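First comes the structure, then the notes that go with it.
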Amino acid sequence: MTGAKVLLMMGCPEVPIQTSIALYLSHKLASLGFDVTVAGTGAATKLLRVSDSDSYYVKKLVNLDKTLEAIIEDREDFDICFAFMHNDAGMTYAATMSSVSKARMYSIVFGRNAEDLAETVEFDCEKIVAKGAHNPAQLKNKLDKVVEGIVK
């Protein structure tokens with residue numbers, strides 16, 4: 001899958017671990033040879049721009065709504081999508097992506113209510129669930145295993 005187009009979808013950045021995990025996952029996948037795009041809401045992209053002002057970890061940072069519009073209009077698509085979700089809005093973005101894209105979907109479900117939210121996912125995806133809002137270690141470890149499986 002090296003060289004595959006990967007989309008990281010970020011919704012509301014209310015839960016702190018989203019930004020650090022997005023930076024980590026973007027850099028890890030790019031280092032492995034994937035073509036990574038990070039799409040986020042306005043607030044999420046602003047946090048990433050400040051956190052990674054030299055674009056060291058995130059090379060392509062775009063608007064989430066415009067990216068979904070391009071996919072819906074068949075102007076763009078991805079091979080793999082990691083959708084961050086800690087609330088219903090994040091799930092809505094992921095469900096939309098699942099219905100309009102050919103991408104293999106991975107739902108990164110995190111936050112205090114991660115298990116409950118993960119149970120409500122009704123679209124085809126692999127769920128990566130970590131209850132936590134501040135410490136990214138558990139989620140990082142789970143993502144490392146998923147990425148290892150993708151690379152094989």
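As shown in the structure tokens, the chain order sets the letters A, B, ...; within each chain, residues go from 1, and ligands are also counted from 1 in the order they appear.
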Shell around segment 6-13 of chain A at 8 Å using only C-alpha atoms, local window under 3 positions removed, as a VMD selection string: chain A and resid 16 18 to 19 22 26 34 to 41 43 to 44 64 78 to 85 89 to 90 93 to 94
Written selection (N, CA and C atoms) as a compact mmCIF listing (two decimals), in the first residue's frame:
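What ended up in again05.txt:
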```txt
# COMPACT_ATOMS: atom_id res chain seq x y z
N PRO A 16 -8.08 17.18 23.38
CA PRO A 16 -6.68 17.48 23.12
C PRO A 16 -5.89 16.44 22.33
N GLN A 18 -6.53 14.71 19.79
CA GLN A 18 -6.72 14.68 18.34
C GLN A 18 -5.56 15.34 17.61
N THR A 19 -5.15 16.52 18.04
CA THR A 19 -4.08 17.25 17.34
C THR A 19 -2.77 16.48 17.39
N ALA A 22 -2.99 13.35 15.19
CA ALA A 22 -3.00 13.69 13.76
C ALA A 22 -1.58 14.03 13.29
N SER A 26 0.17 11.50 10.64
CA SER A 26 0.55 12.07 9.36
C SER A 26 2.03 11.85 9.09
N PHE A 34 3.53 6.92 2.21
CA PHE A 34 2.14 7.21 1.85
C PHE A 34 2.00 8.69 1.49
N ASP A 35 1.05 8.98 0.61
CA ASP A 35 0.72 10.35 0.21
C ASP A 35 -0.40 10.81 1.15
N VAL A 36 -0.06 11.61 2.16
CA VAL A 36 -0.98 11.95 3.24
C VAL A 36 -1.53 13.37 3.10
N THR A 37 -2.86 13.46 3.22
CA THR A 37 -3.55 14.74 3.27
C THR A 37 -4.31 14.78 4.58
N VAL A 38 -4.21 15.89 5.29
CA VAL A 38 -4.97 16.09 6.52
C VAL A 38 -6.04 17.14 6.23
N ALA A 39 -7.29 16.76 6.45
CA ALA A 39 -8.41 17.68 6.23
C ALA A 39 -9.09 17.92 7.57
N GLY A 40 -9.37 19.17 7.85
CA GLY A 40 -9.99 19.48 9.12
C GLY A 40 -10.93 20.66 9.05
N THR A 41 -11.67 20.82 10.13
CA THR A 41 -12.51 22.00 10.28
C THR A 41 -11.58 23.21 10.44
N ALA A 43 -11.12 25.29 12.94
CA ALA A 43 -10.40 25.29 14.22
C ALA A 43 -9.32 24.21 14.24
N ALA A 44 -9.61 23.04 13.72
CA ALA A 44 -8.64 21.94 13.72
C ALA A 44 -7.42 22.29 12.86
N LEU A 64 -11.81 20.48 5.39
CA LEU A 64 -12.56 19.23 5.37
C LEU A 64 -13.80 19.31 4.47
N PHE A 78 -9.52 8.95 -2.20
CA PHE A 78 -8.40 8.43 -1.43
C PHE A 78 -8.51 6.92 -1.33
N ASP A 79 -7.39 6.29 -1.03
CA ASP A 79 -7.36 4.84 -0.86
C ASP A 79 -7.68 4.43 0.58
N ILE A 80 -7.25 5.26 1.51
CA ILE A 80 -7.43 4.98 2.94
C ILE A 80 -7.88 6.26 3.62
N CYS A 81 -8.79 6.12 4.59
CA CYS A 81 -9.23 7.28 5.37
C CYS A 81 -9.24 6.93 6.84
N PHE A 82 -8.60 7.78 7.62
CA PHE A 82 -8.66 7.70 9.08
C PHE A 82 -9.54 8.86 9.53
N ALA A 83 -10.69 8.56 10.09
CA ALA A 83 -11.63 9.59 10.53
C ALA A 83 -11.60 9.70 12.04
N PHE A 84 -11.22 10.85 12.54
CA PHE A 84 -11.21 11.10 13.97
C PHE A 84 -12.61 11.43 14.43
N MET A 85 -13.06 10.81 15.52
CA MET A 85 -14.39 11.14 16.04
C MET A 85 -14.45 10.99 17.54
N ALA A 89 -20.87 14.75 15.50
CA ALA A 89 -20.45 15.49 14.31
C ALA A 89 -19.32 14.76 13.60
N GLY A 90 -18.35 14.28 14.36
CA GLY A 90 -17.25 13.52 13.77
C GLY A 90 -17.75 12.25 13.10
N TYR A 93 -19.30 13.15 9.70
CA TYR A 93 -18.27 13.31 8.66
C TYR A 93 -17.78 11.95 8.17
N ALA A 94 -17.50 11.04 9.09
CA ALA A 94 -17.01 9.71 8.72
C ALA A 94 -18.05 8.93 7.93
```
Residues near Glu73 of chain A, cut-off 12 Å, only C-alpha atoms, skip fewer than 5 positions along chain, as a PyMOL selection string: chain A and resi 66-68+100-101
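Comparing A:Cys125, A:Lys5, A:Lys46, A:Asn63 by their smallest distance to Gly33 of chain A, the closest is A:Lys5 (using only C-alpha atoms).
Closest approach to Lys142 of chain A from the set A:Val15, A:Leu117, A:Ile108, A:Leu23 is made by A:Ile108, with distances taken over only C-alpha atoms.
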DSSP-assigned helix (DSSP H, G or I) among chain A, expressed as a PyMOL selection string: chain A and resi 17-31+42-51+64-72+88-100+114-119+137-151
Within 9 Å of segment 129-135 of chain A, counting only C-alpha atoms, which residues show up once you throw out same-chain ones fewer than 2 positions away? Write them as a CSV table (one decimal) with N, CA and C atoms, in the first residue's frame, please.
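Final output, saved to result.csv:
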```csv
chain,number,residue,atom,x,y,z
A,15,VAL,N,-11.2,17.8,22.0
A,15,VAL,CA,-10.4,16.8,22.8
A,15,VAL,C,-8.9,16.9,22.4
A,16,PRO,N,-8.1,17.2,23.4
A,16,PRO,CA,-6.7,17.5,23.1
A,16,PRO,C,-5.9,16.4,22.3
A,17,ILE,N,-6.2,15.1,22.5
A,17,ILE,CA,-5.3,14.2,21.8
A,17,ILE,C,-5.5,14.1,20.3
A,18,GLN,N,-6.5,14.7,19.8
A,18,GLN,CA,-6.7,14.7,18.3
A,18,GLN,C,-5.6,15.3,17.6
A,107,SER,N,-12.1,4.2,11.7
A,107,SER,CA,-12.7,5.2,12.6
A,107,SER,C,-11.9,5.2,13.8
A,108,ILE,N,-11.3,6.4,14.1
A,108,ILE,CA,-10.5,6.6,15.3
A,108,ILE,C,-11.5,7.2,16.3
A,109,VAL,N,-12.0,6.4,17.3
A,109,VAL,CA,-13.0,6.9,18.2
A,109,VAL,C,-12.3,7.1,19.6
A,110,PHE,N,-12.4,8.3,20.1
A,110,PHE,CA,-11.6,8.6,21.3
A,110,PHE,C,-12.4,9.5,22.2
A,111,GLY,N,-12.0,9.8,23.4
A,111,GLY,CA,-12.7,10.7,24.3
A,111,GLY,C,-13.3,9.9,25.4
A,112,ARG,N,-13.9,10.6,26.3
A,112,ARG,CA,-14.4,10.0,27.5
A,112,ARG,C,-15.6,9.0,27.2
A,113,ASN,N,-16.3,9.2,26.2
A,113,ASN,CA,-17.4,8.3,25.8
A,113,ASN,C,-17.1,7.5,24.6
A,114,ALA,N,-15.8,7.1,24.4
A,114,ALA,CA,-15.4,6.4,23.2
A,114,ALA,C,-16.1,5.1,22.9
A,115,GLU,N,-16.3,4.3,24.0
A,115,GLU,CA,-16.9,3.0,23.8
A,115,GLU,C,-18.4,3.1,23.4
A,118,ALA,N,-18.5,4.4,19.8
A,118,ALA,CA,-18.1,3.3,18.8
A,118,ALA,C,-19.2,2.3,18.6
A,127,LYS,N,-12.7,-0.1,13.5
A,127,LYS,CA,-12.8,0.9,14.6
A,127,LYS,C,-11.5,0.8,15.5
A,137,ALA,N,-1.1,8.0,24.5
A,137,ALA,CA,-0.3,6.8,24.5
A,137,ALA,C,-1.1,5.6,24.0
A,138,GLN,N,-2.3,5.3,24.6
A,138,GLN,CA,-3.0,4.1,24.2
A,138,GLN,C,-3.5,4.2,22.8
A,139,LEU,N,-3.9,5.3,22.3
A,139,LEU,CA,-4.4,5.5,20.9
A,139,LEU,C,-3.2,5.3,20.0
A,142,LYS,N,-2.3,1.6,19.6
A,142,LYS,CA,-3.3,1.0,18.7
A,142,LYS,C,-3.1,1.3,17.3
```
